[in-house]
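Note: the block below is target_22.txt and it holds compact mmCIF, C-alpha atoms and all ligand atoms.
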# COMPACT_ATOMS: atom_id res chain seq x y z
CA MET A 1 13.26 126.07 166.02
CA VAL A 2 15.67 124.83 168.72
CA PRO A 3 15.05 121.11 169.48
CA HIS A 4 13.01 121.00 172.68
CA HIS A 5 15.81 119.40 174.70
CA PHE A 6 18.29 122.19 173.92
CA MET A 7 18.02 125.80 174.95
CA SER A 8 19.91 128.76 173.52
CA ILE A 9 21.99 130.86 175.88
CA LYS A 10 19.55 133.70 175.27
CA GLN A 11 16.58 131.51 176.18
CA PHE A 12 18.39 130.38 179.34
CA PHE A 13 19.00 133.94 180.52
CA VAL A 14 15.45 134.99 179.65
CA LEU A 15 14.14 132.06 181.70
CA PHE A 16 16.62 132.82 184.47
CA PHE A 17 15.34 136.36 184.80
CA LEU A 18 11.68 135.44 184.19
CA SER A 19 11.95 132.86 186.95
CA GLY A 20 12.69 135.77 189.27
CA MET A 21 15.89 134.04 190.33
CA LYS A 22 18.45 136.53 191.60
CA LYS A 23 22.17 136.31 192.17
CA VAL A 24 22.75 138.48 195.23
CA LEU A 25 26.24 139.72 196.05
CA VAL A 26 26.56 140.53 199.77
CA THR A 27 29.47 142.86 200.38
CA GLY A 28 30.49 142.89 204.04
CA GLY A 29 29.26 139.31 204.11
CA THR A 30 31.69 138.22 206.83
CA GLY A 31 30.48 140.66 209.49
CA LEU A 32 27.69 140.90 212.06
CA VAL A 33 24.84 141.43 209.58
CA GLY A 34 26.38 139.27 206.86
CA ASN A 35 26.53 136.26 209.18
CA ALA A 36 22.94 136.87 210.30
CA LEU A 37 21.91 136.88 206.64
CA LYS A 38 23.45 133.42 206.18
CA ILE A 39 21.24 132.11 208.99
CA ALA A 40 18.10 133.95 207.88
CA ILE A 41 18.41 132.70 204.29
CA ASN A 42 18.29 129.12 205.54
CA GLU A 43 14.97 129.87 207.30
CA THR A 44 13.33 130.34 203.91
CA SER A 45 13.45 128.30 200.72
CA PRO A 46 16.09 130.44 199.02
CA GLU A 47 15.17 130.80 195.34
CA ASN A 48 17.95 133.34 195.09
CA GLU A 49 21.65 132.56 194.89
CA TRP A 50 23.66 134.43 197.57
CA VAL A 51 27.39 135.20 197.37
CA PHE A 52 29.04 136.47 200.57
CA VAL A 53 32.34 138.33 200.35
CA GLY A 54 34.74 140.03 202.79
CA SER A 55 37.84 142.15 202.40
CA ARG A 56 39.94 139.06 201.67
CA ASP A 57 37.89 138.54 198.48
CA ALA A 58 38.30 142.17 197.40
CA ASP A 59 39.42 145.36 199.08
CA LEU A 60 36.50 147.55 198.06
CA THR A 61 38.45 150.74 198.69
CA ASN A 62 40.29 149.69 195.51
CA GLU A 63 38.43 150.43 192.26
CA GLU A 64 40.11 147.71 190.17
CA ALA A 65 39.58 145.05 192.85
CA THR A 66 35.91 146.02 193.05
CA LYS A 67 35.44 145.78 189.28
CA ALA A 68 37.20 142.41 189.25
CA LEU A 69 34.86 141.14 191.98
CA PHE A 70 31.79 142.17 189.99
CA ASP A 71 33.30 140.62 186.82
CA LEU A 72 33.77 137.36 188.74
CA VAL A 73 30.41 137.22 190.54
CA LYS A 74 28.18 138.89 187.90
CA PRO A 75 25.45 139.70 190.44
CA THR A 76 21.93 140.77 189.48
CA HIS A 77 21.43 142.32 192.94
CA VAL A 78 23.70 143.68 195.67
CA VAL A 79 23.21 143.93 199.43
CA HIS A 80 25.94 146.40 200.26
CA LEU A 81 26.99 145.96 203.90
CA ALA A 82 30.75 146.51 203.58
CA ALA A 83 31.96 149.51 205.53
CA MET A 84 34.43 150.71 208.08
CA VAL A 85 32.16 150.28 211.12
CA GLY A 86 32.66 151.02 214.79
CA GLY A 87 31.22 152.28 218.03
CA LEU A 88 31.28 155.75 219.54
CA PHE A 89 34.89 155.70 220.77
CA HIS A 90 36.28 154.33 217.49
CA ASN A 91 34.41 156.99 215.54
CA MET A 92 35.49 159.83 217.82
CA ASN A 93 39.15 159.03 217.19
CA ASN A 94 38.99 158.23 213.47
CA ASN A 95 36.55 160.52 211.70
CA LEU A 96 38.86 161.06 208.71
CA ASP A 97 39.38 157.31 208.13
CA PHE A 98 35.66 156.61 208.50
CA LEU A 99 34.97 159.35 205.95
CA ARG A 100 37.57 158.39 203.36
CA LYS A 101 37.33 154.60 203.48
CA ASN A 102 33.55 154.57 203.36
CA LEU A 103 33.44 157.12 200.54
CA GLN A 104 35.85 154.93 198.55
CA ILE A 105 33.99 151.69 199.24
CA ASN A 106 30.59 153.17 198.43
CA ASP A 107 31.68 154.88 195.20
CA ASN A 108 33.43 151.73 193.93
CA VAL A 109 30.51 149.45 194.73
CA LEU A 110 27.81 151.69 193.25
CA GLN A 111 29.77 152.45 190.07
CA SER A 112 30.60 148.76 189.56
CA ALA A 113 26.97 147.83 190.17
CA TYR A 114 25.92 150.35 187.50
CA GLU A 115 28.56 149.16 185.01
CA HIS A 116 27.46 145.56 185.53
CA GLY A 117 23.78 146.36 185.06
CA CYS A 118 22.71 145.28 188.54
CA LEU A 119 18.93 145.43 188.86
CA LYS A 120 18.99 146.60 192.49
CA VAL A 121 21.47 147.67 195.16
CA ILE A 122 20.44 147.95 198.81
CA SER A 123 23.00 149.86 200.88
CA CYS A 124 23.11 150.48 204.64
CA LEU A 125 22.94 153.87 206.30
CA SER A 126 22.44 154.20 210.10
CA THR A 127 20.15 156.10 212.47
CA CYS A 128 23.27 157.71 213.96
CA ILE A 129 23.77 159.78 210.77
CA PHE A 130 20.68 161.97 211.24
CA PRO A 131 21.01 165.62 212.31
CA ASP A 132 22.13 166.04 215.91
CA LYS A 133 19.72 168.92 216.49
CA THR A 134 16.37 167.53 215.39
CA THR A 135 12.78 166.87 216.32
CA TYR A 136 11.66 163.38 217.28
CA PRO A 137 10.84 160.84 216.16
CA ILE A 138 13.30 161.00 213.27
CA ASP A 139 11.98 159.78 209.92
CA GLU A 140 13.42 159.03 206.47
CA THR A 141 12.83 162.57 205.19
CA MET A 142 15.25 164.09 207.69
CA VAL A 143 18.60 162.58 206.62
CA HIS A 144 20.10 165.82 205.31
CA ASN A 145 18.38 168.38 207.58
CA GLY A 146 21.45 169.50 209.47
CA PRO A 147 24.91 168.45 210.69
CA PRO A 148 25.31 165.05 212.38
CA HIS A 149 26.59 164.56 215.91
CA PRO A 150 30.27 165.68 216.03
CA SER A 151 31.40 162.30 217.39
CA ASN A 152 30.86 160.49 214.06
CA TYR A 153 30.62 163.13 211.32
CA GLY A 154 33.03 161.20 209.07
CA TYR A 155 30.93 158.04 209.00
CA SER A 156 27.70 160.06 208.86
CA TYR A 157 28.60 162.16 205.81
CA ALA A 158 29.96 159.12 203.96
CA LYS A 159 26.72 157.28 204.64
CA ARG A 160 24.53 160.27 203.72
CA LEU A 161 26.30 160.47 200.36
CA ILE A 162 25.07 156.97 199.54
CA ASP A 163 21.57 158.45 199.47
CA VAL A 164 22.80 161.30 197.22
CA GLN A 165 24.58 158.83 194.91
CA ASN A 166 21.48 156.60 194.75
CA ARG A 167 19.39 159.53 193.54
CA ALA A 168 22.03 160.57 191.00
CA TYR A 169 22.25 157.05 189.49
CA HIS A 170 18.48 156.88 189.33
CA GLU A 171 18.20 160.32 187.71
CA LYS A 172 20.87 159.62 185.07
CA TYR A 173 20.41 155.90 184.42
CA GLY A 174 17.18 154.83 186.14
CA CYS A 175 19.09 152.55 188.52
CA ILE A 176 17.17 151.10 191.48
CA PHE A 177 19.84 151.85 194.05
CA THR A 178 18.25 152.26 197.46
CA SER A 179 19.16 152.12 201.16
CA VAL A 180 17.95 150.99 204.55
CA ILE A 181 18.62 152.89 207.78
CA PRO A 182 19.10 150.46 210.69
CA CYS A 183 19.14 151.52 214.32
CA ASN A 184 21.92 149.98 216.49
CA ILE A 185 22.37 146.33 215.56
CA PHE A 186 23.75 143.54 217.76
CA GLY A 187 23.94 139.77 217.73
CA PRO A 188 26.25 136.78 217.19
CA HIS A 189 29.47 137.32 215.18
CA ASP A 190 29.64 140.93 216.40
CA ASN A 191 32.87 142.88 216.71
CA TYR A 192 33.90 142.62 220.38
CA LYS A 193 37.24 144.39 220.13
CA PRO A 194 37.13 146.93 223.01
CA GLU A 195 38.75 149.74 221.03
CA VAL A 196 36.27 149.54 218.10
CA SER A 197 33.15 147.78 219.36
CA HIS A 198 29.61 149.06 219.76
CA VAL A 199 28.11 149.20 223.24
CA ILE A 200 26.48 145.76 223.48
CA PRO A 201 29.37 143.62 222.20
CA GLY A 202 31.72 145.85 224.21
CA MET A 203 29.79 145.17 227.42
CA ILE A 204 29.39 141.45 226.66
CA ASN A 205 33.16 141.07 226.24
CA ARG A 206 33.99 143.12 229.35
CA MET A 207 31.42 141.41 231.56
CA TYR A 208 32.65 137.97 230.50
CA LYS A 209 36.20 138.95 231.44
CA LEU A 210 35.12 140.47 234.77
CA ILE A 211 33.27 137.27 235.72
CA HIS A 212 36.12 134.96 234.75
CA GLU A 213 39.07 136.98 235.99
CA ASN A 214 40.07 137.57 239.65
CA ALA A 215 38.45 134.32 240.81
CA ASP A 216 39.60 135.18 244.35
CA ILE A 217 36.99 137.98 244.51
CA GLN A 218 33.40 136.89 245.10
CA GLU A 219 31.23 137.77 242.10
CA LYS A 220 28.77 139.74 244.23
CA GLU A 221 31.68 142.00 245.22
CA LYS A 222 32.62 142.71 241.58
CA MET A 223 31.74 146.05 239.94
CA PHE A 224 30.94 146.22 236.23
CA VAL A 225 31.70 149.63 234.70
CA VAL A 226 29.16 151.04 232.28
CA TYR A 227 30.91 153.75 230.24
CA GLY A 228 29.27 157.16 230.39
CA SER A 229 26.24 158.18 232.46
CA GLY A 230 24.13 155.20 231.31
CA LYS A 231 21.39 157.70 230.42
CA PRO A 232 21.62 157.87 226.59
CA LEU A 233 18.73 156.18 224.81
CA ARG A 234 19.06 153.66 221.98
CA GLN A 235 16.86 151.43 219.83
CA PHE A 236 18.52 148.08 219.29
CA ILE A 237 17.61 145.60 216.53
CA TYR A 238 18.66 141.96 216.69
CA SER A 239 20.92 141.11 213.72
CA LEU A 240 18.68 138.17 212.74
CA ASP A 241 15.64 140.48 212.52
CA MET A 242 17.70 142.91 210.47
CA ALA A 243 18.66 140.07 208.13
CA ARG A 244 15.05 138.92 207.72
CA LEU A 245 14.08 142.46 206.75
CA LEU A 246 16.94 142.69 204.25
CA ILE A 247 15.81 139.46 202.55
CA TRP A 248 12.31 140.92 202.26
CA ALA A 249 13.73 144.20 200.89
CA VAL A 250 15.71 142.42 198.15
CA ASP A 251 12.48 140.99 196.74
CA CYS A 252 9.88 143.56 197.76
CA TYR A 253 11.24 147.06 198.47
CA LYS A 254 11.23 148.98 195.20
CA SER A 255 11.69 152.65 196.15
CA ILE A 256 15.02 154.48 195.99
CA ASP A 257 14.04 156.40 199.13
CA PRO A 258 15.70 155.14 202.34
CA LEU A 259 13.74 152.88 204.69
CA ILE A 260 14.33 152.89 208.45
CA LEU A 261 14.70 149.38 209.90
CA SER A 262 14.20 149.83 213.62
CA VAL A 263 12.25 148.47 216.55
CA ASP A 264 9.34 150.61 217.78
CA GLU A 265 10.00 153.91 219.54
CA GLU A 266 8.64 152.48 222.78
CA ASN A 267 11.29 149.75 222.69
CA GLU A 268 14.01 152.36 223.21
CA VAL A 269 16.17 151.60 226.27
CA THR A 270 18.82 153.47 228.22
CA ILE A 271 22.42 152.30 228.07
CA LEU A 272 22.08 151.30 231.74
CA GLU A 273 19.01 149.17 230.93
CA ALA A 274 21.04 147.53 228.14
CA ALA A 275 23.77 146.78 230.70
CA GLU A 276 21.16 145.31 233.05
CA ALA A 277 19.91 143.06 230.25
CA VAL A 278 23.47 141.85 229.60
CA ALA A 279 23.97 141.27 233.35
CA LYS A 280 20.73 139.26 233.45
CA ALA A 281 21.88 137.11 230.53
CA PHE A 282 25.15 136.36 232.39
CA ASP A 283 23.29 136.00 235.70
CA PHE A 284 25.92 138.46 236.94
CA LYS A 285 25.78 138.78 240.73
CA GLY A 286 27.85 141.97 241.08
CA LYS A 287 27.02 145.66 240.80
CA LEU A 288 26.81 148.04 237.82
CA ILE A 289 28.44 151.45 238.12
CA CYS A 290 28.57 154.30 235.55
CA ASP A 291 31.88 155.96 234.68
CA THR A 292 30.80 159.50 233.78
CA SER A 293 34.37 160.39 232.82
CA LYS A 294 33.68 158.57 229.57
CA ALA A 295 31.71 160.14 226.71
CA ASP A 296 27.99 159.56 226.27
CA GLY A 297 27.89 160.38 222.55
CA GLN A 298 24.46 161.16 221.13
CA TYR A 299 21.86 161.39 223.88
CA LYS A 300 19.14 159.92 221.65
CA LYS A 301 18.38 159.18 217.97
CA THR A 302 14.81 157.98 218.31
CA ALA A 303 13.64 156.84 214.88
CA SER A 304 10.15 156.12 213.61
CA ASN A 305 9.54 152.75 211.90
CA ARG A 306 6.12 153.90 210.70
CA LYS A 307 7.05 153.50 207.01
CA LEU A 308 8.32 149.94 207.63
CA ARG A 309 5.21 149.09 209.63
CA SER A 310 3.04 150.37 206.78
CA LEU A 311 4.79 147.93 204.43
CA LEU A 312 5.17 145.02 206.86
CA PRO A 313 2.47 145.50 209.54
CA ASN A 314 2.86 142.02 211.02
CA PHE A 315 6.64 141.81 211.34
CA GLN A 316 7.57 140.47 214.78
CA PHE A 317 10.82 141.73 216.34
CA THR A 318 12.67 139.42 218.71
CA SER A 319 12.33 140.70 222.29
CA PHE A 320 15.38 142.63 223.48
CA GLN A 321 16.12 140.28 226.40
CA ASP A 322 15.75 137.16 224.24
CA ALA A 323 18.13 138.66 221.67
CA ILE A 324 20.62 139.61 224.38
CA ASN A 325 20.38 136.09 225.84
CA ASP A 326 21.09 134.54 222.40
CA SER A 327 23.99 136.95 221.83
CA VAL A 328 25.59 136.25 225.22
CA LYS A 329 25.15 132.49 224.75
CA TRP A 330 26.77 132.67 221.29
CA PHE A 331 29.71 134.67 222.70
CA ILE A 332 30.33 132.21 225.56
CA GLU A 333 30.26 129.29 223.09
CA ASN A 334 32.27 130.95 220.30
CA MET A 335 34.57 133.46 221.98
CA LYS A 336 37.68 131.65 220.74
CA ASN A 337 36.75 132.37 217.11
CA ALA A 338 35.12 135.77 217.69
CA ARG A 339 36.56 139.23 216.87
CA VAL A 340 37.72 139.94 220.43
P1 LIG B 1 30.96 144.58 210.61
O1 LIG B 1 30.54 143.43 211.45
O2 LIG B 1 32.03 145.49 211.09
O3 LIG B 1 31.42 144.00 209.17
C1 LIG B 1 31.94 144.89 208.21
C2 LIG B 1 32.06 144.13 206.92
O4 LIG B 1 32.58 144.99 205.93
C3 LIG B 1 32.99 142.92 207.04
O5 LIG B 1 32.50 141.85 206.27
C4 LIG B 1 34.28 143.46 206.46
O6 LIG B 1 35.12 142.47 205.89
C5 LIG B 1 33.73 144.36 205.37
N1 LIG B 1 34.71 145.37 204.98
C6 LIG B 1 35.23 146.36 205.74
N2 LIG B 1 36.14 147.05 205.03
C7 LIG B 1 36.20 146.47 203.79
C8 LIG B 1 36.95 146.71 202.62
N3 LIG B 1 37.85 147.70 202.55
N4 LIG B 1 36.75 145.93 201.56
C9 LIG B 1 35.85 144.91 201.60
N5 LIG B 1 35.09 144.62 202.67
C10 LIG B 1 35.28 145.41 203.76
O7 LIG B 1 29.72 145.49 210.22
P2 LIG B 1 28.16 145.26 210.47
O8 LIG B 1 27.86 145.65 211.87
O9 LIG B 1 27.78 143.92 209.96
O10 LIG B 1 27.54 146.41 209.53
C11 LIG B 1 27.00 146.09 208.28
C12 LIG B 1 26.43 147.38 207.71
O11 LIG B 1 25.40 147.88 208.59
C13 LIG B 1 27.46 148.48 207.58
O12 LIG B 1 27.25 149.16 206.35
C14 LIG B 1 27.17 149.39 208.76
O13 LIG B 1 27.54 150.73 208.46
C15 LIG B 1 25.69 149.24 208.91
N6 LIG B 1 25.17 149.51 210.27
C16 LIG B 1 25.67 148.82 211.34
C17 LIG B 1 25.14 149.07 212.61
C18 LIG B 1 25.63 148.34 213.85
O14 LIG B 1 25.21 148.69 214.96
N7 LIG B 1 26.46 147.32 213.71
C19 LIG B 1 24.13 150.02 212.78
C20 LIG B 1 23.65 150.69 211.65
C21 LIG B 1 24.18 150.43 210.40
P3 LIG B 1 36.20 141.70 206.80
O15 LIG B 1 35.44 140.76 207.64
O16 LIG B 1 37.10 141.05 205.84
O17 LIG B 1 36.88 142.77 207.63
O1 LIG B 2 27.22 151.56 220.29
P1 LIG B 2 27.93 152.78 220.75
O2 LIG B 2 29.42 152.71 220.90
O3 LIG B 2 27.71 153.97 219.73
O4 LIG B 2 27.26 153.26 222.14
P2 LIG B 2 26.49 154.97 219.52
C1 LIG B 2 27.89 154.30 222.85
C2 LIG B 2 27.14 154.55 224.15
O5 LIG B 2 27.24 153.38 225.01
C3 LIG B 2 27.79 155.68 224.89
C4 LIG B 2 28.01 153.72 226.18
O6 LIG B 2 26.84 156.32 225.69
C5 LIG B 2 28.82 154.94 225.73
O7 LIG B 2 29.23 155.71 226.87
N1 LIG B 2 28.83 152.56 226.55
C6 LIG B 2 28.80 151.94 227.75
C7 LIG B 2 29.69 151.90 225.76
N2 LIG B 2 29.67 150.93 227.78
C8 LIG B 2 30.23 150.86 226.52
C9 LIG B 2 31.19 149.99 225.91
O8 LIG B 2 31.71 149.05 226.53
N3 LIG B 2 31.50 150.22 224.62
C10 LIG B 2 30.92 151.25 223.91
N4 LIG B 2 31.24 151.41 222.60
N5 LIG B 2 30.02 152.12 224.46
C11 LIG B 2 27.34 154.75 217.09
C12 LIG B 2 27.96 155.60 216.01
O9 LIG B 2 26.85 155.60 218.10
O10 LIG B 2 26.24 154.03 216.57
C13 LIG B 2 28.42 154.75 214.87
O11 LIG B 2 29.06 156.32 216.54
C14 LIG B 2 27.43 153.68 214.48
O12 LIG B 2 28.72 155.58 213.76
C15 LIG B 2 26.70 153.07 215.66
O13 LIG B 2 26.50 154.19 213.58
C16 LIG B 2 25.50 152.26 215.20
O14 LIG B 2 25.21 154.23 219.44
O15 LIG B 2 26.62 156.06 220.49

What's the structure tokens form of this structure?
Ligand code: NAP
Ligand code: GFB
Amino acid sequence: MVPHHFMSIKQFFVLFFLSGMKKVLVTGGTGLVGNALKIAINETSPENEWVFVGSRDADLTNEEATKALFDLVKPTHVVHLAAMVGGLFHNMNNNLDFLRKNLQINDNVLQSAYEHGCLKVISCLSTCIFPDKTTYPIDETMVHNGPPHPSNYGYSYAKRLIDVQNRAYHEKYGCIFTSVIPCNIFGPHDNYKPEVSHVIPGMINRMYKLIHENADIQEKEKMFVVYGSGKPLRQFIYSLDMARLLIWAVDCYKSIDPLILSVDEENEVTILEAAEAVAKAFDFKGKLICDTSKADGQYKKTASNRKLRSLLPNFQFTSFQDAINDSVKWFIENMKNARV
């Protein structure tokens, strides 16, 4: 009998697991969603230990580097956010890179998670990967029902294969490897680089510059260019809401089937309405014009959050304008350190 004030290593690990404590590795922990997770974790009393990594900690396209990371961290759970990520224009010009890099990252992370006996992996797909020709609203059963929109087929097929890999690991080894399917995400710590950004950070960066450049022109005379027709429809989720849902999923979502994380269908807005919300947050006095010479991308990708609502009926999403206001405020205060 071990004296009561000592505990064997085995007893410690049994207690560790029985206590429900988790050691969660967050790949892609230095990005938009990763930074939101850091904030959301502090809203709760984190029983779990969270380890955030970026590409400087390990290039996950490299198998050996990925294994070494898992050897070092020894996670029990993984939130897998790391990916080559970008907006419409970045995808259109780099489908092969989006395909290859994301296939490499995903295969390395899932295989390392299996080899290290991780109890759960939650990966991220996206509502943009669904079939281009589809009925609406889209739901989780429709991921593989036809080719994705041509603008981002590389990213889409790489992401769809996560779902295929999850099922294969479950079938062969019983792994609980699952995925969430977010709609468009935005918030502080976004990627504002014009050539790679998504629409909201792209417009925030461009509107800031328009307001602060050419001081000799009165603001009400200035014209802000919305790329495309402004007509495409999008559902946008605030990164902090996305993070809150991920924390819940780590503890409570047990299925290997994907779960859409999106605001309600009726919260869908046009790109022009998104631009108007950004203009309101800046109190921009000028005009908005649409440059139809630029691509629109997918017209819509309306997703149903019915499954999420059935699991979390009382979850409150941050209002779109409040989230835009917070995101613009963060950008103005942190632009010097942002990815611009
Ligand atoms: P993000 O801001 O671009 O961050 C990407 C993260 O992945 C960064 O931490 C980056 O590390 C890391 N990363 C990229 N390449 C890597 C590599 N080779 N090795 C290791 N780490 C690497 O992305 P996000 O917007 O937070 O997206 C998070 C997840 O949500 C992604 O899986 C994305 O596909 C998905 N998603 C995003 C959206 C959206 O609208 N943003 C919508 C739906 C789904 P560094 O900081 O070192 O570069
Ligand atoms: O976020 P975004 O680049 O990608 O939005 P998607 C593109 C839409 O916003 C197009 C218009 O209709 C653009 O014409 N837009 C207006 C702008 N101004 C801007 C701007 O300054 N920057 C950008 N980027 N667009 C992506 C997928 O689709 O969704 C990715 O390609 C990813 O794979 C992402 O999954 C979540 O929403 O069209």

Next item on the list: Using all atoms listed in the file, find each residue with an atom at most 8 Å away from ligand LIG 2 (chain B) and format the answer as a VMD selection string.
Entry: chain A and resid 85 to 92 126 to 129 151 to 152 155 to 156 183 to 185 194 to 204 206 225 to 232 234 271 to 272 275 294 to 299

Notebook entry, point to check: For ligand LIG 1 (chain B), which of A:Asp291, A:Glu171, A:Asp257, A:Asp190 is the closest residue, counting all atoms listed in the file?
Noted result: A:Asp190

Notebook entry, point to check: Can you tell me how far CA of Asn94 in chain A sits from CA of Tyr208 in chain A, in Å to one decimal?
Noted result: 27.2 Å

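In this comparison, which uses only C-alpha atoms and all ligand atoms, the residue of A:Gly29, A:Pro46, A:Pro313, A:Pro150 approaching ligand LIG 1 (chain B) most closely is A:Gly29.
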
Next item on the list: Mind giving me the straight-line distance from CA of Glu268 in chain A to CA of Gln235 in chain A in Å, one decimal?
Entry: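 Between CA of Glu268 in chain A and CA of Gln235 in chain A the gap is 4.5 Å.
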
Notebook entry, point to check: Out of A:Ser304, A:Leu259, A:Asp264, A:Ala113, which residue has the shortest atom-to-atom distance to Tyr173 in chain A when counting all atoms listed in the file?
Noted result: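 Among A:Ser304, A:Leu259, A:Asp264, A:Ala113, it is A:Ala113 that comes nearest to Tyr173 in chain A.
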
Note to self: Can you work out which residues are within 9 Å of ligand LIG 1 (chain B), considering all atoms listed in the file, and then hand them over as a ChimeraX atom specification?
What the structure shows: /A:26-36,52-62,66,80-87,101-102,104-105,123-128,155,159,180-187,189-191,197-199,236-237,239

Atoms kept (C-alpha atoms) for selection, written as a PDB file, keeping the file's coordinate frame:
ATOM      1  CA  VAL A  26      26.560 140.530 199.770  1.00  0.00           C
ATOM      2  CA  THR A  27      29.470 142.860 200.380  1.00  0.00           C
ATOM      3  CA  GLY A  28      30.490 142.890 204.040  1.00  0.00           C
ATOM      4  CA  GLY A  29      29.260 139.310 204.110  1.00  0.00           C
ATOM      5  CA  THR A  30      31.690 138.220 206.830  1.00  0.00           C
ATOM      6  CA  GLY A  31      30.480 140.660 209.490  1.00  0.00           C
ATOM      7  CA  LEU A  32      27.690 140.900 212.060  1.00  0.00           C
ATOM      8  CA  VAL A  33      24.840 141.430 209.580  1.00  0.00           C
ATOM      9  CA  GLY A  34      26.380 139.270 206.860  1.00  0.00           C
ATOM     10  CA  ASN A  35      26.530 136.260 209.180  1.00  0.00           C
ATOM     11  CA  ALA A  36      22.940 136.870 210.300  1.00  0.00           C
ATOM     12  CA  PHE A  52      29.040 136.470 200.570  1.00  0.00           C
ATOM     13  CA  VAL A  53      32.340 138.330 200.350  1.00  0.00           C
ATOM     14  CA  GLY A  54      34.740 140.030 202.790  1.00  0.00           C
ATOM     15  CA  SER A  55      37.840 142.150 202.400  1.00  0.00           C
ATOM     16  CA  ARG A  56      39.940 139.060 201.670  1.00  0.00           C
ATOM     17  CA  ASP A  57      37.890 138.540 198.480  1.00  0.00           C
ATOM     18  CA  ALA A  58      38.300 142.170 197.400  1.00  0.00           C
ATOM     19  CA  ASP A  59      39.420 145.360 199.080  1.00  0.00           C
ATOM     20  CA  LEU A  60      36.500 147.550 198.060  1.00  0.00           C
ATOM     21  CA  THR A  61      38.450 150.740 198.690  1.00  0.00           C
ATOM     22  CA  ASN A  62      40.290 149.690 195.510  1.00  0.00           C
ATOM     23  CA  THR A  66      35.910 146.020 193.050  1.00  0.00           C
ATOM     24  CA  HIS A  80      25.940 146.400 200.260  1.00  0.00           C
ATOM     25  CA  LEU A  81      26.990 145.960 203.900  1.00  0.00           C
ATOM     26  CA  ALA A  82      30.750 146.510 203.580  1.00  0.00           C
ATOM     27  CA  ALA A  83      31.960 149.510 205.530  1.00  0.00           C
ATOM     28  CA  MET A  84      34.430 150.710 208.080  1.00  0.00           C
ATOM     29  CA  VAL A  85      32.160 150.280 211.120  1.00  0.00           C
ATOM     30  CA  GLY A  86      32.660 151.020 214.790  1.00  0.00           C
ATOM     31  CA  GLY A  87      31.220 152.280 218.030  1.00  0.00           C
ATOM     32  CA  LYS A 101      37.330 154.600 203.480  1.00  0.00           C
ATOM     33  CA  ASN A 102      33.550 154.570 203.360  1.00  0.00           C
ATOM     34  CA  GLN A 104      35.850 154.930 198.550  1.00  0.00           C
ATOM     35  CA  ILE A 105      33.990 151.690 199.240  1.00  0.00           C
ATOM     36  CA  SER A 123      23.000 149.860 200.880  1.00  0.00           C
ATOM     37  CA  CYS A 124      23.110 150.480 204.640  1.00  0.00           C
ATOM     38  CA  LEU A 125      22.940 153.870 206.300  1.00  0.00           C
ATOM     39  CA  SER A 126      22.440 154.200 210.100  1.00  0.00           C
ATOM     40  CA  THR A 127      20.150 156.100 212.470  1.00  0.00           C
ATOM     41  CA  CYS A 128      23.270 157.710 213.960  1.00  0.00           C
ATOM     42  CA  TYR A 155      30.930 158.040 209.000  1.00  0.00           C
ATOM     43  CA  LYS A 159      26.720 157.280 204.640  1.00  0.00           C
ATOM     44  CA  VAL A 180      17.950 150.990 204.550  1.00  0.00           C
ATOM     45  CA  ILE A 181      18.620 152.890 207.780  1.00  0.00           C
ATOM     46  CA  PRO A 182      19.100 150.460 210.690  1.00  0.00           C
ATOM     47  CA  CYS A 183      19.140 151.520 214.320  1.00  0.00           C
ATOM     48  CA  ASN A 184      21.920 149.980 216.490  1.00  0.00           C
ATOM     49  CA  ILE A 185      22.370 146.330 215.560  1.00  0.00           C
ATOM     50  CA  PHE A 186      23.750 143.540 217.760  1.00  0.00           C
ATOM     51  CA  GLY A 187      23.940 139.770 217.730  1.00  0.00           C
ATOM     52  CA  HIS A 189      29.470 137.320 215.180  1.00  0.00           C
ATOM     53  CA  ASP A 190      29.640 140.930 216.400  1.00  0.00           C
ATOM     54  CA  ASN A 191      32.870 142.880 216.710  1.00  0.00           C
ATOM     55  CA  SER A 197      33.150 147.780 219.360  1.00  0.00           C
ATOM     56  CA  HIS A 198      29.610 149.060 219.760  1.00  0.00           C
ATOM     57  CA  VAL A 199      28.110 149.200 223.240  1.00  0.00           C
ATOM     58  CA  PHE A 236      18.520 148.080 219.290  1.00  0.00           C
ATOM     59  CA  ILE A 237      17.610 145.600 216.530  1.00  0.00           C
ATOM     60  CA  SER A 239      20.920 141.110 213.720  1.00  0.00           C
TER      61      SER A 239
END

Margin query: Counting all atoms listed in the file, which residues have an atom no more than 6 Å from (17.7, 138.6, 218.4) in the file's coordinates? Please list them as a PyMOL selection string.
Written below: chain A and resi 238+240+318+323

Keeping only C-alpha atoms, write the selected residues as a PDB file, in the frame of the given file.
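For reference, selection39.pdb as written:
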ATOM      1  CA  TYR A 238      18.660 141.960 216.690  1.00  0.00           C
ATOM      2  CA  LEU A 240      18.680 138.170 212.740  1.00  0.00           C
ATOM      3  CA  THR A 318      12.670 139.420 218.710  1.00  0.00           C
ATOM      4  CA  ALA A 323      18.130 138.660 221.670  1.00  0.00           C
TER       5      ALA A 323
END

Checklist line | Separation of CA of Arg306 in chain A from CA of Asp326 in chain A in Å | finding: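 Here the two named atoms are 27.1 Å from each other.
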
Checklist line | Nearest-residue call for Val24 in chain A, choices A:Tyr192, A:Ala65, A:Val109, A:Val121, using all atoms listed in the file | finding: A:Val121

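Proximity to Ser255 in chain A was assessed for A:Tyr114, A:Tyr157, A:Trp50, A:Phe177 counting all atoms listed in the file; the smallest distance is recorded for A:Phe177.
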
Notebook entry, point to check: With distances taken over all atoms listed in the file, which of A:Leu288, A:Val269, A:Trp330, A:Tyr153 is nearest to Leu210 in chain A?
Noted result: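 So, comparing all the options, the nearest one is A:Leu288.
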